Amino acid sequence: MFNSPLITERAQAVLEHWRGGPVTRLENRDPHMAVAFGAVAFALSRQNNQMRIGGGSARSYFLQVEAAGNDAVAVCILPKGTEEGVAIPLQAHRFALQVNQPVQFSLVASSGDEPFAPGQVVTLDSEQDRFQPLPPLVAALDTQSTHHEVEVSLVTRLTEVGTLDIQCHSLQDPDQRWKVEFQLRRDLQNRHQSHALPPGYGAAVAAIDAVYGANDKEADRNAVKQLRQQLEKLLGPRNDWDTALARALFDELWQRRKKRRRSQAHERVWFNLAGFCLRPGFGYPADEWRISQAWGLYQQGLQFDKENQSWAEWWTFWRRAAGGLETACQQRLYKDVSKFINPASARNLKLKTEIKNKSYEDMVRLSASLEGLPVATKIELANWLAKRLQKSSETQTSWWALGRVASREPFQSAVDTVIPPDHVDKWLQLVLGQDWKKNQHAAFAAVMIARVTGDRARDIPASIRSTIVEKLRAAKAPDLWQTMVDQKLALDDQENKRVFGEALPAGLKLLSR
């Protein structure tokens, strides 16, 4: 685009029309290299200590801290005018850093001319406009210690790329330090909106504690059977829980995770509730930390592993969290379930027996939700599902799984994990061979495989899409399905649930890519 003569001439013509006269065109043969040239010039000026343009920080920044009394206070950690790369040690103060748990760092800024000194403590008045809040940073700072609080000193630095680095140095162990990084060049008006938890939240936590927090001897063994209904009575239908509430409940469940092993019912209900509150595994502050912690449960496995329902909740938990799992974790999950999906397992008597007790249908759902798998692995999985679907005894869920694996539009992964269009023709032929009036699962699989994205590298040929639209119309399929194959379209909540196997929590909206 930068080197297009047509665009250049058109832009010049428009500018001359606006000006009412000729404009001078400056020659730049490599506009796409401008940033690189600037970076090299800046590096050379630093190396040779040459003159360079710089004005320092345009604002003073303050970190909100807890202090005695009711007033909200903050400590100046970067005064206005501080140059990039200059370390600012806050030697006059010591701080208590919360570790091994998600915590929030709140930053405020002042653009006024009032001079502030590093370490200066100010009172924040919500009725004044002196201080402007920035979006807070939620992080979990880990340590090998079992303590939840570490005494630290702070050193701050404004980097050349516009980030504010806060180094937290342990006073007990000089070699231990933690880094917190704020992006300062984002729109300051994009403020974090705090989510108030509903009035029944306290009672809900008490209900969870009664099941998973009490001593084993004092615990009510029957309370776990009513926990889900009790939470919905206190907080409303769980499909209406917003993301903030869901994550707050997950954090409460996580603190009591060790008590899930009291009984089979305790374990089953814990995974059901925790997975529901963690879905889809990303999109909310500290989710990365929650997922990394939750992955440790996979190494532990199920305590009560003899019942099909326990395995159903186990696989469902990982399906709900799959969106936040790293590729290596998704590959581990696939390795463990793929042997049951591989059609060759039908000849293995041991595997056939295990399938009956390990909730095969939920393994299929999980495997289809592992979007981070390599394309070659997805093709392997789709071929297995297609071969299984040639038999009428195969679960109808496998139609959904085939559509999800071969979908044109991924949920959380990059588009380079989408199976190329030239591989899906044989699966579409299998789907098209079904009677869609009797098998709407197959019809919807075709919709997912043929859905329009607007990306020629992913979309299947228009002639095949036309065939699918005609068959959908003949089968009296929903108009939305036909539209999805005919034109680029964002999904509504109901179709999101159908595509991804579950409704997204309120507060997380899936946008068309």
# chains A, B, ... in the order shown; residues from 1 in each chain; ligands from 1
>>> residues_around(residues="range 394-406 of chain A", least_positions_apart="5", cutoff="7 Å", atoms="only C-alpha atoms", output="list in words")
Glu361, Val364, Arg365, Ala368, Lys378, Ala382, Leu385, Arg388, Leu389, Ile419, Val424, His441, Ala442, Ala445, Ala446, Met448 and Ile449 of chain A
>>> write_last_selection(atoms="N, CA and C atoms", output="compact mmCIF listing (two decimals), in the first residue's frame")
# COMPACT_ATOMS: atom_id res chain seq x y z
N GLU A 361 -18.54 -39.22 25.35
CA GLU A 361 -19.13 -38.05 24.71
C GLU A 361 -18.46 -36.75 25.17
N VAL A 364 -15.10 -36.33 23.53
CA VAL A 364 -15.24 -35.82 22.17
C VAL A 364 -15.42 -34.31 22.20
N ARG A 365 -16.27 -33.82 23.10
CA ARG A 365 -16.47 -32.38 23.23
C ARG A 365 -15.17 -31.66 23.59
N ALA A 368 -12.63 -31.43 20.63
CA ALA A 368 -13.02 -30.45 19.62
C ALA A 368 -12.80 -29.02 20.09
N LYS A 378 -5.39 -31.54 14.11
CA LYS A 378 -6.82 -31.31 13.89
C LYS A 378 -7.34 -32.12 12.71
N ALA A 382 -10.31 -34.82 12.86
CA ALA A 382 -11.49 -34.73 11.99
C ALA A 382 -11.68 -36.01 11.17
N LEU A 385 -13.17 -38.62 13.50
CA LEU A 385 -14.59 -38.37 13.75
C LEU A 385 -15.43 -38.73 12.52
N ARG A 388 -15.83 -42.45 12.31
CA ARG A 388 -16.77 -42.93 13.33
C ARG A 388 -18.20 -42.60 12.96
N LEU A 389 -18.41 -41.44 12.34
CA LEU A 389 -19.77 -41.01 11.99
C LEU A 389 -20.37 -41.81 10.84
N ILE A 419 -8.04 -25.22 9.83
CA ILE A 419 -7.73 -26.19 8.77
C ILE A 419 -7.99 -25.54 7.41
N VAL A 424 -11.28 -29.80 3.71
CA VAL A 424 -12.59 -30.04 4.32
C VAL A 424 -13.60 -30.65 3.36
N HIS A 441 -28.01 -31.95 13.56
CA HIS A 441 -26.63 -31.89 14.04
C HIS A 441 -25.67 -31.83 12.86
N ALA A 442 -25.93 -32.65 11.85
CA ALA A 442 -25.09 -32.64 10.65
C ALA A 442 -25.24 -31.32 9.90
N ALA A 445 -23.19 -28.75 11.58
CA ALA A 445 -21.76 -29.00 11.31
C ALA A 445 -21.38 -28.38 9.98
N ALA A 446 -22.25 -28.52 8.99
CA ALA A 446 -21.98 -27.91 7.68
C ALA A 446 -21.91 -26.39 7.78
N MET A 448 -20.91 -24.62 10.38
CA MET A 448 -19.63 -24.23 10.98
C MET A 448 -18.47 -24.38 10.00
N ILE A 449 -18.51 -25.44 9.20
CA ILE A 449 -17.42 -25.69 8.25
C ILE A 449 -17.45 -24.68 7.10
>>> select_by_dssp(residues="range 83-210 of chain A", states="alpha helix (DSSP H)", output="PyMOL selection string")
chain A and resi 201-210
>>> closest_atom_pairs(of="range 242-336 of chain A", to="range 141-163 of chain A", cutoff="12 Å", atoms="only C-alpha atoms", output="Markdown table")
| residue | atom | partner | partner_atom | distance |
| --- | --- | --- | --- | --- |
| A:Ala286 | CA | A:Leu141 | CA | 10.6 |
| A:Trp289 | CA | A:Leu141 | CA | 9.2 |
| A:Ser292 | CA | A:Asp142 | CA | 11.5 |
| A:Gln293 | CA | A:Asp142 | CA | 10.8 |
>>> write_last_selection(atoms="N, CA and C atoms", output="compact mmCIF listing (two decimals), in the first residue's frame")
# COMPACT_ATOMS: atom_id res chain seq x y z
N ALA A 286 -6.25 -11.62 35.77
CA ALA A 286 -5.65 -12.73 36.53
C ALA A 286 -6.10 -14.10 36.04
N TRP A 289 -3.17 -16.48 35.58
CA TRP A 289 -2.71 -17.07 36.83
C TRP A 289 -3.66 -18.18 37.28
N SER A 292 -3.02 -21.26 35.16
CA SER A 292 -1.74 -21.91 35.48
C SER A 292 -1.82 -22.68 36.79
N GLN A 293 -2.57 -22.13 37.75
CA GLN A 293 -2.75 -22.84 39.01
C GLN A 293 -3.65 -24.07 38.82
>>> atom_distance(atom1="CA of Thr243 in chain A", atom2="CA of Tyr284 in chain A")
7.4 Å
>>> residues_around(residues="range 244-256 of chain A", least_positions_apart="6", cutoff="9 Å", atoms="only C-alpha atoms", output="list in words")
Ser194, His195, Ala196, Leu197, Pro198, Tyr201, Ala204, Val205, Ile208, Asp209, Tyr212, Gly213, Arg238, Trp270, Leu273, Ala274, Gly275, Phe276, Cys277, Leu278, Arg279, Tyr284, Asp287, Arg290, Ala294, Pro505, Ala506 and Gly507 of chain A
>>> atom_distance(atom1="CA of Leu381 in chain A", atom2="CA of Gln429 in chain A")
16.9 Å
>>> atom_distance(atom1="CA of Ser367 in chain A", atom2="CA of Leu349 in chain A")
22.1 Å
>>> residues_around(residues="Gly323 in chain A", least_positions_apart="6", cutoff="10 Å", atoms="only C-alpha atoms", output="PyMOL selection string")
chain A and resi 279-283+291+330+369-372+411-413
>>> residues_around(residues="range 74-81 of chain A", least_positions_apart="6", cutoff="10 Å", atoms="only C-alpha atoms", output="PyMOL selection string")
chain A and resi 54-67+87-90+93+106-124+154-158+164+166
>>> write_last_selection(atoms="C-alpha atoms", output="CSV table (one decimal), in the first residue's frame")
chain,number,residue,atom,x,y,z
A,54,GLY,CA,13.0,14.0,24.9
A,55,GLY,CA,10.7,15.7,27.3
A,56,GLY,CA,10.4,13.1,30.1
A,57,SER,CA,7.2,11.9,31.6
A,58,ALA,CA,4.3,14.2,30.8
A,59,ARG,CA,2.5,13.3,34.1
A,60,SER,CA,3.3,12.4,37.7
A,61,TYR,CA,2.3,8.9,38.7
A,62,PHE,CA,1.2,7.6,42.1
A,63,LEU,CA,0.6,4.1,43.4
A,64,GLN,CA,-2.4,3.7,45.7
A,65,VAL,CA,-1.5,2.0,49.0
A,66,GLU,CA,-3.3,0.9,52.1
A,67,ALA,CA,-2.6,3.1,55.1
A,87,ALA,CA,15.8,4.6,38.1
A,88,ILE,CA,13.9,6.2,41.0
A,89,PRO,CA,14.5,4.4,44.3
A,90,LEU,CA,11.9,5.1,47.0
A,93,HIS,CA,9.4,3.9,52.4
A,106,SER,CA,-4.0,0.9,41.2
A,107,LEU,CA,-2.2,3.8,39.6
A,108,VAL,CA,-3.4,7.4,39.4
A,109,ALA,CA,-1.8,10.3,37.3
A,110,SER,CA,-1.6,14.0,37.7
A,111,SER,CA,-0.9,16.3,34.7
A,112,GLY,CA,-0.8,19.5,36.7
A,113,ASP,CA,2.2,21.7,37.3
A,114,GLU,CA,2.4,21.0,41.0
A,115,PRO,CA,5.8,19.5,41.8
A,116,PHE,CA,5.9,16.2,43.5
A,117,ALA,CA,8.9,14.3,45.0
A,118,PRO,CA,9.6,10.6,44.7
A,119,GLY,CA,8.0,8.9,47.8
A,120,GLN,CA,5.7,11.8,48.6
A,121,VAL,CA,2.4,10.7,50.1
A,122,VAL,CA,-0.7,12.4,48.9
A,123,THR,CA,-4.4,12.1,49.9
A,124,LEU,CA,-6.8,11.3,47.0
A,154,LEU,CA,10.5,-0.1,45.4
A,155,VAL,CA,12.5,1.1,42.4
A,156,THR,CA,10.6,2.6,39.5
A,157,ARG,CA,11.7,3.4,35.9
A,158,LEU,CA,10.1,4.9,32.8
A,164,LEU,CA,6.4,2.2,33.9
A,166,ILE,CA,8.1,-1.1,39.3
>>> select_by_dssp(residues="range 92-156 of chain A", states="strand (DSSP E or B)", output="list in words")
Phe95, Ala96, Leu97, Gln98, Pro102, Val103, Gln104, Phe105, Leu107, Val108, Ala109, Ser110, Val121, Val122, Thr123, Gln132, Pro133, Leu137, Val138, Ala139, Ala140, Glu149, Val150, Glu151, Val152, Ser153, Leu154, Val155 and Thr156 of chain A
>>> closest_residue(among="A:Val40, A:Leu366, A:Leu302, A:Val14", to="Ala322 in chain A", atoms="only C-alpha atoms")
A:Leu366
>>> closest_residue(among="A:Thr417, A:Asn215, A:Thr467, A:Asn272", to="Leu432 in chain A", atoms="only C-alpha atoms")
A:Thr467
>>> residues_around(residues="Val418 in chain A", least_positions_apart="4", cutoff="8 Å", atoms="only C-alpha atoms", output="list in words")
Val375, Ala406, Ser407, Arg408, Glu409, Pro410, Ala414 and Arg458 of chain A
